[in-house]
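Take a look at the structure set out below.
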Amino acid sequence: MNLMADPQSDTEGRLRHLLTLNGLGRERIVALLDRGAALRDAYRGGTLPPLLAGRTVMNLFFEASTRTRTSFELAAHRLGAFVVNFDIANSSTSKGESLEDTLATLEAMDADAFIVRHKENGTPARFAAHARRAVIVNAGDGNHAHPTQGLLDLLTIRDHKGDVEGLNVTICGDVRHSRVARSDIHGLSALGANEIRLCGPAALLPSATEFPECRIVGSFDEALDGSDVIIMLRLQKERIEGVLGLGEAEYFAAYGLTGERLARAREDAIVMHPGPMNRGVEIADDVADGPRSVILDQVANGIFVRMAVLAELLRV
Ligand code: NCD
């Protein structure tokens, strides 16, 4: 790997920021998952060490989010860090201050880590390029990447399947606009999934050239055949009518995951969703709440992989 061109590594090749799973490599991904699982054991056994005591973690969420922000907040807090949720709506950024000046100001207050969510692709990388000492964690930028979501999905798959290698994974819904799908695809490819199937209406699929390693499958039923893992994505309701010209019921009939459809997948297939879910649009109630659903395991694992990322980046 050309380290000079890798914006998330330091000159020794160690991870300095987490911006994307693309190019991170199997070894570093597995190390983060292992660390997350170890921190989970420690937390559940009541022996979690206060690894981040004395450190300050700042949440910079330029785009609304409650679950991801809360997950990062709990991860940092449970490791003993001091956590600040920077109030963007009332900040000087909304008065026209540049992102670089906001970063410099907050770094001068001795923040050790910034968790950044932004609607524009590349904003966390822009912070990383200007950070003097602090580490940057991408908590979702545009449709580019959501690396901690990718990690928590991989950990959840590993928990239930033992290994990612050799699995058939279907990702269904608005793949084109999904940073979750992109990070999942990068992580699943790095860990050797057998086949990644992307499914959804043509208008919501990525171009065939973006992910040559994936198989684009128009029919959801066909995609489900032999799937070990099914990842459903949230569909923005305005896209159903606006872009697709469909009613919610029509979308659900074509791409909604029902119990009947799920029967086409492997008997022990697991069902995932990053949340927030639109019940009755992309997923049926009985599937979301059924025995194959691991959706709440994903939520729980989110905290542990975020602990692992913070501990790694802050070198504790
Ligand atoms: C996702 C996001 O914001 O990228 N949700 C999340 O992080 N919990 C997915 C989504 O909003 O559809």
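Residue numbers start at 1 in each chain; chains themselves are named A, B, ... in the order of the structure tokens; ligands are numbered from 1 in the order shown.
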
Report as a list in words which protein, DNA and RNA residues come within 8 Å of ligand 1, using only C-alpha atoms and all ligand atoms.
-> Ser65, Thr66, Arg67, Thr68, Ala139, Gly140, Asp141, Asn143, His146, Gln149, Ser178, Arg179, Val180, Leu233, Arg234, Leu235, Gln236, Pro274, Gly275, Pro276 and Met277 of chain A

Which neighbours of Gly187 (chain A) fall inside 12 Å, counting only C-alpha atoms, when residues of the same chain fewer than 3 positions from it are skipped, and could you give them as a VMD selection string?
-> chain A and resid 20 to 30 32 to 33 145 to 155 157 to 158 164 to 165 169 180 to 184 190 to 193 196

Of the residues A:Leu310, A:Thr209, A:Cys214, A:Cys172, which is the one nearest to Met58 (chain A), using only C-alpha atoms?
->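 Closest to Met58 (chain A) of all the choices is A:Leu310.
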
From a DSSP pass on the backbone, collect the residues of region 106-304 of chain A flagged as strand (DSSP E or B) and hand them back as a PyMOL selection string.
-> chain A and resi 113-118+135-141+145+168-172+195-199+215-217+229-232+257+270-272+279+283+293

With N, CA and C atoms retained, write the just-selected residues as a CSV table (one decimal), in the first residue's frame.
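Writing the result to selection34.csv gives the following:
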```csv
chain,number,residue,atom,x,y,z
A,113,ALA,N,-10.5,13.4,20.0
A,113,ALA,CA,-11.1,12.7,18.9
A,113,ALA,C,-12.4,13.4,18.5
A,114,PHE,N,-12.6,13.5,17.2
A,114,PHE,CA,-13.8,14.0,16.6
A,114,PHE,C,-14.6,13.0,15.9
A,115,ILE,N,-15.9,12.8,16.2
A,115,ILE,CA,-16.7,11.9,15.5
A,115,ILE,C,-17.6,12.8,14.5
A,116,VAL,N,-17.4,12.6,13.2
A,116,VAL,CA,-17.9,13.5,12.3
A,116,VAL,C,-19.0,12.9,11.4
A,117,ARG,N,-20.2,13.5,11.4
A,117,ARG,CA,-21.2,13.1,10.4
A,117,ARG,C,-21.6,14.3,9.6
A,118,HIS,N,-21.7,14.1,8.2
A,118,HIS,CA,-21.9,15.3,7.4
A,118,HIS,C,-22.6,14.8,6.1
A,135,VAL,N,-7.8,12.7,16.4
A,135,VAL,CA,-8.1,11.7,15.4
A,135,VAL,C,-9.6,11.9,15.0
A,136,ILE,N,-9.8,11.5,13.7
A,136,ILE,CA,-11.2,11.7,13.1
A,136,ILE,C,-11.8,10.3,12.9
A,137,VAL,N,-13.1,10.2,13.3
A,137,VAL,CA,-13.8,9.0,12.9
A,137,VAL,C,-15.0,9.4,12.1
A,138,ASN,N,-15.1,8.8,10.9
A,138,ASN,CA,-16.3,9.1,10.1
A,138,ASN,C,-17.5,8.4,10.6
A,139,ALA,N,-18.5,9.2,10.9
A,139,ALA,CA,-19.8,8.6,11.4
A,139,ALA,C,-20.9,8.6,10.3
A,140,GLY,N,-20.4,8.7,9.0
A,140,GLY,CA,-21.3,8.7,7.9
A,140,GLY,C,-21.2,10.0,7.1
A,141,ASP,N,-20.7,9.9,5.9
A,141,ASP,CA,-20.6,11.1,5.0
A,141,ASP,C,-21.3,10.8,3.7
A,145,ALA,N,-19.4,6.7,2.9
A,145,ALA,CA,-18.9,5.6,3.8
A,145,ALA,C,-19.5,5.8,5.2
A,168,ASN,N,-22.9,-16.0,1.1
A,168,ASN,CA,-23.6,-15.2,0.1
A,168,ASN,C,-24.5,-14.2,0.9
A,169,VAL,N,-24.2,-12.9,0.5
A,169,VAL,CA,-24.9,-11.8,1.2
A,169,VAL,C,-25.7,-11.0,0.2
A,170,THR,N,-27.0,-10.8,0.5
A,170,THR,CA,-27.8,-9.9,-0.3
A,170,THR,C,-28.0,-8.6,0.3
A,171,ILE,N,-27.8,-7.5,-0.4
A,171,ILE,CA,-28.1,-6.2,0.1
A,171,ILE,C,-29.2,-5.6,-0.8
A,172,CYS,N,-30.3,-5.3,-0.1
A,172,CYS,CA,-31.5,-4.9,-0.9
A,172,CYS,C,-32.1,-3.5,-0.5
A,195,GLU,N,-20.3,-14.3,-2.4
A,195,GLU,CA,-21.0,-13.5,-3.4
A,195,GLU,C,-21.8,-12.4,-2.7
A,196,ILE,N,-21.6,-11.2,-3.2
A,196,ILE,CA,-22.4,-10.0,-2.7
A,196,ILE,C,-23.4,-9.7,-3.8
A,197,ARG,N,-24.7,-9.8,-3.4
A,197,ARG,CA,-25.7,-9.6,-4.4
A,197,ARG,C,-26.4,-8.2,-4.1
A,198,LEU,N,-26.5,-7.4,-5.1
A,198,LEU,CA,-27.1,-6.1,-4.9
A,198,LEU,C,-28.5,-6.1,-5.6
A,199,CYS,N,-29.5,-5.8,-4.8
A,199,CYS,CA,-30.8,-5.9,-5.4
A,199,CYS,C,-31.7,-4.6,-5.1
A,215,ARG,N,-22.7,-8.9,-7.6
A,215,ARG,CA,-23.6,-9.3,-8.7
A,215,ARG,C,-24.9,-8.5,-8.5
A,216,ILE,N,-25.3,-7.8,-9.6
A,216,ILE,CA,-26.5,-7.0,-9.5
A,216,ILE,C,-27.7,-7.9,-10.0
A,217,VAL,N,-28.7,-8.1,-9.1
A,217,VAL,CA,-29.8,-9.0,-9.4
A,217,VAL,C,-31.1,-8.2,-9.3
A,229,VAL,N,-27.0,-14.2,4.4
A,229,VAL,CA,-27.2,-12.9,5.1
A,229,VAL,C,-28.0,-12.0,4.2
A,230,ILE,N,-29.0,-11.4,4.8
A,230,ILE,CA,-29.8,-10.4,4.0
A,230,ILE,C,-29.8,-9.1,4.7
A,231,ILE,N,-29.2,-8.1,4.1
A,231,ILE,CA,-29.2,-6.7,4.6
A,231,ILE,C,-30.2,-5.8,3.9
A,232,MET,N,-31.2,-5.4,4.7
A,232,MET,CA,-32.2,-4.5,4.1
A,232,MET,C,-31.8,-3.1,4.4
A,257,LEU,N,-39.2,-7.4,2.4
A,257,LEU,CA,-38.8,-8.8,2.9
A,257,LEU,C,-39.9,-9.3,3.8
A,270,ILE,N,-29.6,-14.9,8.3
A,270,ILE,CA,-29.9,-13.9,9.2
A,270,ILE,C,-30.4,-12.6,8.5
A,271,VAL,N,-31.2,-11.8,9.1
A,271,VAL,CA,-31.8,-10.6,8.6
A,271,VAL,C,-31.3,-9.4,9.3
A,272,MET,N,-30.7,-8.4,8.5
A,272,MET,CA,-30.1,-7.3,9.2
A,272,MET,C,-30.7,-6.0,8.6
A,279,ARG,N,-41.2,-0.1,8.6
A,279,ARG,CA,-42.0,-1.4,8.6
A,279,ARG,C,-43.1,-1.3,7.6
A,283,ILE,N,-39.5,-4.0,5.0
A,283,ILE,CA,-39.5,-5.2,5.9
A,283,ILE,C,-40.8,-5.4,6.6
A,293,SER,N,-34.1,-12.4,12.8
A,293,SER,CA,-33.7,-11.0,12.8
A,293,SER,C,-32.6,-10.8,13.8
```

If you run DSSP over the backbone, which residues in region 108-147 of chain A end up alpha helix (DSSP H)? Put them as a PyMOL selection string.
-> chain A and resi 123-130+147

Quick one: everything within 6 Å of Leu79 (chain A), counting only C-alpha atoms, minus sequence neighbours fewer than 6 positions away in the same chain. Send it as JSON, numbers by chain.
-> {"A": [50, 51, 52]}

Emit the selected residues as an mmCIF file, in the first residue's frame, including N, CA and C atoms.
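The resulting again21.cif:
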```cif
data_model
loop_
_atom_site.group_PDB
_atom_site.id
_atom_site.type_symbol
_atom_site.label_atom_id
_atom_site.label_comp_id
_atom_site.auth_asym_id
_atom_site.auth_seq_id
_atom_site.Cartn_x
_atom_site.Cartn_y
_atom_site.Cartn_z
ATOM 1 N N PRO A 50 -11.149 1.589 32.148
ATOM 2 C CA PRO A 50 -11.431 2.965 31.701
ATOM 3 C C PRO A 50 -10.325 3.478 30.782
ATOM 4 N N LEU A 51 -10.230 2.837 29.598
ATOM 5 C CA LEU A 51 -9.107 3.099 28.695
ATOM 6 C C LEU A 51 -9.012 4.557 28.257
ATOM 7 N N LEU A 52 -10.141 5.246 28.230
ATOM 8 C CA LEU A 52 -10.129 6.620 27.705
ATOM 9 C C LEU A 52 -10.263 7.673 28.815
#
```
